[in-house]
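*Asks:* Got a structure for you, entry-v1.pdb, holding PDB, C-alpha atoms and all ligand atoms.
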ATOM      1  CA  MET A 124     -20.139 -16.863  66.045
ATOM      2  CA  LYS A 125     -20.547 -20.248  67.761
ATOM      3  CA  HIS A 126     -17.632 -21.014  70.096
ATOM      4  CA  LYS A 127     -16.166 -24.511  70.340
ATOM      5  CA  ALA A 128     -15.104 -25.980  73.661
ATOM      6  CA  GLY A 129     -11.482 -25.389  74.664
ATOM      7  CA  ILE A 130      -9.061 -22.551  74.189
ATOM      8  CA  TYR A 131      -9.628 -20.261  71.242
ATOM      9  CA  ALA A 132      -8.488 -16.842  70.170
ATOM     10  CA  VAL A 133     -10.810 -13.887  69.910
ATOM     11  CA  THR A 134     -10.142 -10.556  68.325
ATOM     12  CA  ILE A 135      -9.262  -7.746  70.718
ATOM     13  CA  THR A 136     -12.480  -5.945  69.854
ATOM     14  CA  ASP A 137     -14.378  -8.826  71.497
ATOM     15  CA  THR A 138     -12.546  -8.461  74.790
ATOM     16  CA  LYS A 139     -12.319  -5.103  76.544
ATOM     17  CA  THR A 140      -9.620  -5.970  79.015
ATOM     18  CA  GLY A 141      -8.810  -2.528  80.386
ATOM     19  CA  ALA A 142     -10.748  -3.154  83.602
ATOM     20  CA  TRP A 143      -8.412  -6.033  84.494
ATOM     21  CA  ARG A 144      -5.331  -3.816  84.555
ATOM     22  CA  LEU A 145      -3.414  -3.292  87.822
ATOM     23  CA  ASN A 146      -0.962  -0.730  86.454
ATOM     24  CA  ARG A 147      -1.554   2.002  83.902
ATOM     25  CA  PRO A 148       1.173   3.088  81.478
ATOM     26  CA  VAL A 149       1.320   6.883  81.405
ATOM     27  CA  VAL A 150       3.179   8.599  78.570
ATOM     28  CA  SER A 151       5.142  11.739  79.479
ATOM     29  CA  GLU A 152       6.395  14.719  77.493
ATOM     30  CA  LYS A 153       9.685  12.820  77.003
ATOM     31  CA  CYS A 154       7.959  10.774  74.264
ATOM     32  CA  THR A 155       9.528  11.407  70.847
ATOM     33  CA  ALA A 156       6.869   9.423  68.938
ATOM     34  CA  CYS A 157       9.548   6.942  67.813
ATOM     35  CA  GLY A 158       6.953   4.144  67.639
ATOM     36  CA  ILE A 159       8.953   1.369  69.289
ATOM     37  CA  CYS A 160       6.399   0.792  72.060
ATOM     38  CA  ALA A 161       3.653   0.414  69.445
ATOM     39  CA  LYS A 162       5.629  -2.335  67.679
ATOM     40  CA  PHE A 163       6.030  -4.339  70.897
ATOM     41  CA  CYS A 164       2.585  -3.849  72.486
ATOM     42  CA  PRO A 165       1.025  -7.364  72.402
ATOM     43  CA  PRO A 166      -2.571  -6.274  71.666
ATOM     44  CA  GLN A 167      -1.368  -3.501  69.310
ATOM     45  CA  ILE A 168      -3.362  -0.735  70.932
ATOM     46  CA  ILE A 169      -0.799   2.099  70.864
ATOM     47  CA  LYS A 170      -1.277   4.718  68.157
ATOM     48  CA  ILE A 171       1.521   7.121  67.309
ATOM     49  CA  GLU A 172       0.561  10.732  66.738
ATOM     50  CA  ASP A 173       2.632  13.595  68.157
ATOM     51  CA  ARG A 174       3.262  11.100  70.962
ATOM     52  CA  ALA A 175       2.189   7.567  71.876
ATOM     53  CA  ILE A 176      -1.570   7.320  72.497
ATOM     54  CA  ILE A 177      -2.654   4.265  74.509
ATOM     55  CA  ASP A 178      -6.181   2.871  74.251
ATOM     56  CA  TYR A 179      -6.965   2.183  77.899
ATOM     57  CA  GLU A 180     -10.069   0.164  77.050
ATOM     58  CA  TYR A 181      -7.776  -2.642  75.899
ATOM     59  CA  CYS A 182      -4.410  -2.002  77.593
ATOM     60  CA  LYS A 183      -3.560  -4.887  79.939
ATOM     61  CA  GLY A 184      -0.912  -3.039  81.904
ATOM     62  CA  CYS A 185       1.738  -5.624  81.015
ATOM     63  CA  GLY A 186       4.490  -2.983  81.072
ATOM     64  CA  ILE A 187       6.221  -4.066  77.867
ATOM     65  CA  CYS A 188       5.871  -0.561  76.423
ATOM     66  CA  ASP A 189       7.606   0.804  79.520
ATOM     67  CA  SER A 190      10.395  -1.787  79.209
ATOM     68  CA  VAL A 191      11.163  -1.087  75.559
ATOM     69  CA  CYS A 192      10.907   2.715  75.505
ATOM     70  CA  PRO A 193      14.449   4.021  74.871
ATOM     71  CA  PHE A 194      13.549   7.455  76.260
ATOM     72  CA  LYS A 195      12.023   6.292  79.565
ATOM     73  CA  ALA A 196       8.893   8.155  78.558
ATOM     74  CA  ILE A 197       6.390   5.686  80.045
ATOM     75  CA  ALA A 198       5.719   5.291  83.758
ATOM     76  CA  MET A 199       3.620   2.443  85.160
ATOM     77  CA  VAL A 200       1.243   3.896  87.722
ATOM     78  CA  GLU A 201      -0.852   1.747  90.045
ATOM     79  CA  GLU A 202      -4.577   1.875  89.244
ATOM     80  CA  GLU A 203      -6.842   3.055  92.017
ATOM     81  CA  ALA A 204      -9.203   0.371  93.333
TER      82      ALA A 204
HETATM   83  S1  LIG A 301       8.837   4.014  72.718
HETATM   84 FE1  LIG A 301       8.784   5.732  74.176
HETATM   85  S2  LIG A 301       9.444   7.528  72.979
HETATM   86 FE2  LIG A 301       8.911   5.900  71.524
HETATM   87  S3  LIG A 301       6.731   6.319  71.006
HETATM   88 FE3  LIG A 301       6.748   4.870  72.710
HETATM   89  S4  LIG A 301       6.600   6.136  74.564
HETATM   90 FE4  LIG A 301       7.203   7.461  72.890
HETATM   91  S1  LIG A 302       1.036  -1.935  79.118
HETATM   92 FE1  LIG A 302       1.111  -3.642  77.641
HETATM   93  S2  LIG A 302      -0.927  -3.662  76.705
HETATM   94 FE2  LIG A 302      -0.704  -1.679  77.721
HETATM   95  S3  LIG A 302       0.023  -0.304  76.118
HETATM   96 FE3  LIG A 302       1.821  -1.108  77.213
HETATM   97  S4  LIG A 302       2.474  -2.893  76.010
HETATM   98 FE4  LIG A 302       0.374  -2.404  75.405
END
In structure tokens, write the structure found in this file.
Ligand code: SF4
Ligand code: SF4
*Replies:*
Amino acid sequence: MKHKAGIYAVTITDTKTGAWRLNRPVVSEKCTACGICAKFCPPQIIKIEDRAIIDYEYCKGCGICDSVCPFKAIAMVEEEA
């Protein structure tokens, strides 16, 4: 695809943004697989199985999943340098 000058959107599969993350969301055993975090995750990279599964290749560490989880099942942990 030929890109035009200026701001444009790309699909998330074009942009592996995991390496930019400062904080990593870690899902604990408190997760009930309710799916709320997956609905709010901006890049839509949380899958719900027996618990929330985060794709760290694309997770930006924004913390929205942590903020919206009603069970406090996600902890934001600082990434090691
Ligand atoms: S919102 Fe919390 S409890 Fe619900 S699926 Fe996500 S991590 Fe699990
Ligand atoms: S930290 Fe942000 S990008 Fe990463 S899984 Fe949570 S809501 Fe999605």
*Asks:* Pull the closest atom pair for each residue of chain A that gets at most 8 Å from ligand LIG 302 (chain A), along with the distance in Å to one decimal, counting all atoms listed in the file, ordering rows by chain and then ascending residue number, as JSON lines.
*Replies:*
{"residue": "A:Asn146", "atom": "CA", "partner": "A:LIG302", "partner_atom": "S1", "distance": 7.7}
{"residue": "A:Arg147", "atom": "CA", "partner": "A:LIG302", "partner_atom": "S1", "distance": 6.7}
{"residue": "A:Pro148", "atom": "CA", "partner": "A:LIG302", "partner_atom": "S1", "distance": 5.6}
{"residue": "A:Cys160", "atom": "CA", "partner": "A:LIG302", "partner_atom": "S4", "distance": 6.7}
{"residue": "A:Ala161", "atom": "CA", "partner": "A:LIG302", "partner_atom": "FE4", "distance": 7.4}
{"residue": "A:Phe163", "atom": "CA", "partner": "A:LIG302", "partner_atom": "S4", "distance": 6.4}
{"residue": "A:Cys164", "atom": "CA", "partner": "A:LIG302", "partner_atom": "S4", "distance": 3.7}
{"residue": "A:Pro165", "atom": "CA", "partner": "A:LIG302", "partner_atom": "FE4", "distance": 5.8}
{"residue": "A:Pro166", "atom": "CA", "partner": "A:LIG302", "partner_atom": "S2", "distance": 5.9}
{"residue": "A:Gln167", "atom": "CA", "partner": "A:LIG302", "partner_atom": "FE4", "distance": 6.4}
{"residue": "A:Ile168", "atom": "CA", "partner": "A:LIG302", "partner_atom": "FE4", "distance": 6.1}
{"residue": "A:Ile169", "atom": "CA", "partner": "A:LIG302", "partner_atom": "S3", "distance": 5.8}
{"residue": "A:Ile177", "atom": "CA", "partner": "A:LIG302", "partner_atom": "S3", "distance": 5.5}
{"residue": "A:Asp178", "atom": "CA", "partner": "A:LIG302", "partner_atom": "S3", "distance": 7.2}
{"residue": "A:Tyr179", "atom": "CA", "partner": "A:LIG302", "partner_atom": "FE2", "distance": 7.4}
{"residue": "A:Tyr181", "atom": "CA", "partner": "A:LIG302", "partner_atom": "S2", "distance": 7.0}
{"residue": "A:Cys182", "atom": "CA", "partner": "A:LIG302", "partner_atom": "FE2", "distance": 3.7}
{"residue": "A:Lys183", "atom": "CA", "partner": "A:LIG302", "partner_atom": "S2", "distance": 4.3}
{"residue": "A:Gly184", "atom": "CA", "partner": "A:LIG302", "partner_atom": "S1", "distance": 3.6}
{"residue": "A:Cys185", "atom": "CA", "partner": "A:LIG302", "partner_atom": "FE1", "distance": 4.0}
{"residue": "A:Gly186", "atom": "CA", "partner": "A:LIG302", "partner_atom": "S1", "distance": 4.1}
{"residue": "A:Ile187", "atom": "CA", "partner": "A:LIG302", "partner_atom": "S4", "distance": 4.3}
{"residue": "A:Cys188", "atom": "CA", "partner": "A:LIG302", "partner_atom": "S4", "distance": 4.1}
{"residue": "A:Asp189", "atom": "CA", "partner": "A:LIG302", "partner_atom": "FE3", "distance": 6.5}
{"residue": "A:Met199", "atom": "CA", "partner": "A:LIG302", "partner_atom": "S1", "distance": 7.9}
*Asks:* Between CA of Asp173 (chain A) and CA of Val191 (chain A), what is the distance, to one decimal in Å?
*Replies:*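 Distance reported for this atom pair: 18.5 Å.
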*Asks:* Identify all residues satisfying the PyMOL selection byres (((chain A and resi 139) around 6) and not hetatm) in the given file; provide them as a VMD selection string.
*Replies:* chain A and resid 138 140 to 141 180 to 181
*Asks:* Can I get the residues close to ligand LIG 301 (chain A) as a PDB file with C-alpha atoms, keeping the file's coordinate frame, where close means within 7 Å and we count only C-alpha atoms and all ligand atoms?
*Replies:*
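Writing the result to out36.pdb gives the following:
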ATOM      1  CA  VAL A 150       3.179   8.599  78.570  1.00  0.00           C
ATOM      2  CA  LYS A 153       9.685  12.820  77.003  1.00  0.00           C
ATOM      3  CA  CYS A 154       7.959  10.774  74.264  1.00  0.00           C
ATOM      4  CA  THR A 155       9.528  11.407  70.847  1.00  0.00           C
ATOM      5  CA  ALA A 156       6.869   9.423  68.938  1.00  0.00           C
ATOM      6  CA  CYS A 157       9.548   6.942  67.813  1.00  0.00           C
ATOM      7  CA  GLY A 158       6.953   4.144  67.639  1.00  0.00           C
ATOM      8  CA  ILE A 159       8.953   1.369  69.289  1.00  0.00           C
ATOM      9  CA  CYS A 160       6.399   0.792  72.060  1.00  0.00           C
ATOM     10  CA  ALA A 161       3.653   0.414  69.445  1.00  0.00           C
ATOM     11  CA  ILE A 171       1.521   7.121  67.309  1.00  0.00           C
ATOM     12  CA  ARG A 174       3.262  11.100  70.962  1.00  0.00           C
ATOM     13  CA  ALA A 175       2.189   7.567  71.876  1.00  0.00           C
ATOM     14  CA  CYS A 188       5.871  -0.561  76.423  1.00  0.00           C
ATOM     15  CA  VAL A 191      11.163  -1.087  75.559  1.00  0.00           C
ATOM     16  CA  CYS A 192      10.907   2.715  75.505  1.00  0.00           C
ATOM     17  CA  PRO A 193      14.449   4.021  74.871  1.00  0.00           C
ATOM     18  CA  PHE A 194      13.549   7.455  76.260  1.00  0.00           C
ATOM     19  CA  LYS A 195      12.023   6.292  79.565  1.00  0.00           C
ATOM     20  CA  ALA A 196       8.893   8.155  78.558  1.00  0.00           C
ATOM     21  CA  ILE A 197       6.390   5.686  80.045  1.00  0.00           C
TER      22      ILE A 197
END
*Asks:* Please return region 152-163 of chain A, rebuilt to all heavy atoms, as a PDB file, in the frame of the given file.
*Replies:*
ATOM      1  N   GLU A 152       5.940  13.808  78.557  1.00  0.00           N
ATOM      2  CA  GLU A 152       6.395  14.719  77.493  1.00  0.00           C
ATOM      3  C   GLU A 152       7.748  14.303  76.920  1.00  0.00           C
ATOM      4  O   GLU A 152       8.187  14.832  75.899  1.00  0.00           O
ATOM      5  CB  GLU A 152       6.432  16.176  78.003  1.00  0.00           C
ATOM      6  CG  GLU A 152       7.521  16.498  78.999  1.00  0.00           C
ATOM      7  CD  GLU A 152       7.281  15.940  80.407  1.00  0.00           C
ATOM      8  OE1 GLU A 152       6.140  15.516  80.717  1.00  0.00           O
ATOM      9  OE2 GLU A 152       8.239  15.923  81.177  1.00  0.00           O
ATOM     10  N   LYS A 153       8.408  13.310  77.552  1.00  0.00           N
ATOM     11  CA  LYS A 153       9.685  12.820  77.003  1.00  0.00           C
ATOM     12  C   LYS A 153       9.493  11.985  75.739  1.00  0.00           C
ATOM     13  O   LYS A 153      10.444  11.665  75.041  1.00  0.00           O
ATOM     14  CB  LYS A 153      10.418  11.981  78.060  1.00  0.00           C
ATOM     15  CG  LYS A 153      10.976  12.807  79.209  1.00  0.00           C
ATOM     16  CD  LYS A 153      11.940  12.015  80.075  1.00  0.00           C
ATOM     17  CE  LYS A 153      11.212  11.237  81.140  1.00  0.00           C
ATOM     18  NZ  LYS A 153      12.091  10.528  82.072  1.00  0.00           N
ATOM     19  N   CYS A 154       8.244  11.606  75.448  1.00  0.00           N
ATOM     20  CA  CYS A 154       7.959  10.774  74.264  1.00  0.00           C
ATOM     21  C   CYS A 154       8.341  11.512  72.987  1.00  0.00           C
ATOM     22  O   CYS A 154       7.950  12.663  72.786  1.00  0.00           O
ATOM     23  CB  CYS A 154       6.475  10.410  74.228  1.00  0.00           C
ATOM     24  SG  CYS A 154       6.020   9.495  72.751  1.00  0.00           S
ATOM     25  N   THR A 155       9.101  10.827  72.125  1.00  0.00           N
ATOM     26  CA  THR A 155       9.528  11.407  70.847  1.00  0.00           C
ATOM     27  C   THR A 155       8.710  10.860  69.677  1.00  0.00           C
ATOM     28  O   THR A 155       9.040  11.123  68.519  1.00  0.00           O
ATOM     29  CB  THR A 155      11.002  11.065  70.586  1.00  0.00           C
ATOM     30  OG1 THR A 155      11.106   9.643  70.453  1.00  0.00           O
ATOM     31  CG2 THR A 155      11.905  11.536  71.712  1.00  0.00           C
ATOM     32  N   ALA A 156       7.703  10.047  69.966  1.00  0.00           N
ATOM     33  CA  ALA A 156       6.869   9.423  68.938  1.00  0.00           C
ATOM     34  C   ALA A 156       7.680   8.483  68.042  1.00  0.00           C
ATOM     35  O   ALA A 156       7.388   8.342  66.852  1.00  0.00           O
ATOM     36  CB  ALA A 156       6.115  10.468  68.114  1.00  0.00           C
ATOM     37  N   CYS A 157       8.687   7.833  68.608  1.00  0.00           N
ATOM     38  CA  CYS A 157       9.548   6.942  67.813  1.00  0.00           C
ATOM     39  C   CYS A 157       8.802   5.685  67.352  1.00  0.00           C
ATOM     40  O   CYS A 157       9.184   5.065  66.364  1.00  0.00           O
ATOM     41  CB  CYS A 157      10.793   6.558  68.603  1.00  0.00           C
ATOM     42  SG  CYS A 157      10.483   5.403  69.968  1.00  0.00           S
ATOM     43  N   GLY A 158       7.782   5.268  68.079  1.00  0.00           N
ATOM     44  CA  GLY A 158       6.953   4.144  67.639  1.00  0.00           C
ATOM     45  C   GLY A 158       7.394   2.769  68.114  1.00  0.00           C
ATOM     46  O   GLY A 158       6.741   1.776  67.803  1.00  0.00           O
ATOM     47  N   ILE A 159       8.469   2.688  68.860  1.00  0.00           N
ATOM     48  CA  ILE A 159       8.953   1.369  69.289  1.00  0.00           C
ATOM     49  C   ILE A 159       7.940   0.681  70.204  1.00  0.00           C
ATOM     50  O   ILE A 159       7.638  -0.501  70.048  1.00  0.00           O
ATOM     51  CB  ILE A 159      10.333   1.511  69.963  1.00  0.00           C
ATOM     52  CG1 ILE A 159      11.361   1.857  68.889  1.00  0.00           C
ATOM     53  CG2 ILE A 159      10.727   0.212  70.693  1.00  0.00           C
ATOM     54  CD1 ILE A 159      12.744   2.128  69.424  1.00  0.00           C
ATOM     55  N   CYS A 160       7.372   1.416  71.145  1.00  0.00           N
ATOM     56  CA  CYS A 160       6.399   0.792  72.060  1.00  0.00           C
ATOM     57  C   CYS A 160       5.227   0.202  71.276  1.00  0.00           C
ATOM     58  O   CYS A 160       4.728  -0.877  71.615  1.00  0.00           O
ATOM     59  CB  CYS A 160       5.908   1.810  73.082  1.00  0.00           C
ATOM     60  SG  CYS A 160       5.150   3.271  72.344  1.00  0.00           S
ATOM     61  N   ALA A 161       4.788   0.887  70.235  1.00  0.00           N
ATOM     62  CA  ALA A 161       3.653   0.414  69.445  1.00  0.00           C
ATOM     63  C   ALA A 161       3.977  -0.911  68.752  1.00  0.00           C
ATOM     64  O   ALA A 161       3.113  -1.774  68.611  1.00  0.00           O
ATOM     65  CB  ALA A 161       3.253   1.466  68.414  1.00  0.00           C
ATOM     66  N   LYS A 162       5.226  -1.081  68.334  1.00  0.00           N
ATOM     67  CA  LYS A 162       5.629  -2.335  67.679  1.00  0.00           C
ATOM     68  C   LYS A 162       5.603  -3.504  68.660  1.00  0.00           C
ATOM     69  O   LYS A 162       5.291  -4.631  68.284  1.00  0.00           O
ATOM     70  CB  LYS A 162       7.025  -2.199  67.090  1.00  0.00           C
ATOM     71  CG  LYS A 162       7.079  -1.324  65.864  1.00  0.00           C
ATOM     72  CD  LYS A 162       8.433  -1.462  65.168  1.00  0.00           C
ATOM     73  CE  LYS A 162       8.441  -0.844  63.784  1.00  0.00           C
ATOM     74  NZ  LYS A 162       8.164   0.572  63.783  1.00  0.00           N
ATOM     75  N   PHE A 163       5.921  -3.257  69.918  1.00  0.00           N
ATOM     76  CA  PHE A 163       6.030  -4.339  70.897  1.00  0.00           C
ATOM     77  C   PHE A 163       4.745  -4.593  71.686  1.00  0.00           C
ATOM     78  O   PHE A 163       4.622  -5.635  72.322  1.00  0.00           O
ATOM     79  CB  PHE A 163       7.174  -4.048  71.875  1.00  0.00           C
ATOM     80  CG  PHE A 163       8.534  -4.344  71.316  1.00  0.00           C
ATOM     81  CD1 PHE A 163       9.218  -3.413  70.560  1.00  0.00           C
ATOM     82  CD2 PHE A 163       9.130  -5.584  71.525  1.00  0.00           C
ATOM     83  CE1 PHE A 163      10.474  -3.687  70.025  1.00  0.00           C
ATOM     84  CE2 PHE A 163      10.386  -5.875  71.005  1.00  0.00           C
ATOM     85  CZ  PHE A 163      11.061  -4.922  70.253  1.00  0.00           C
TER      86      PHE A 163
END
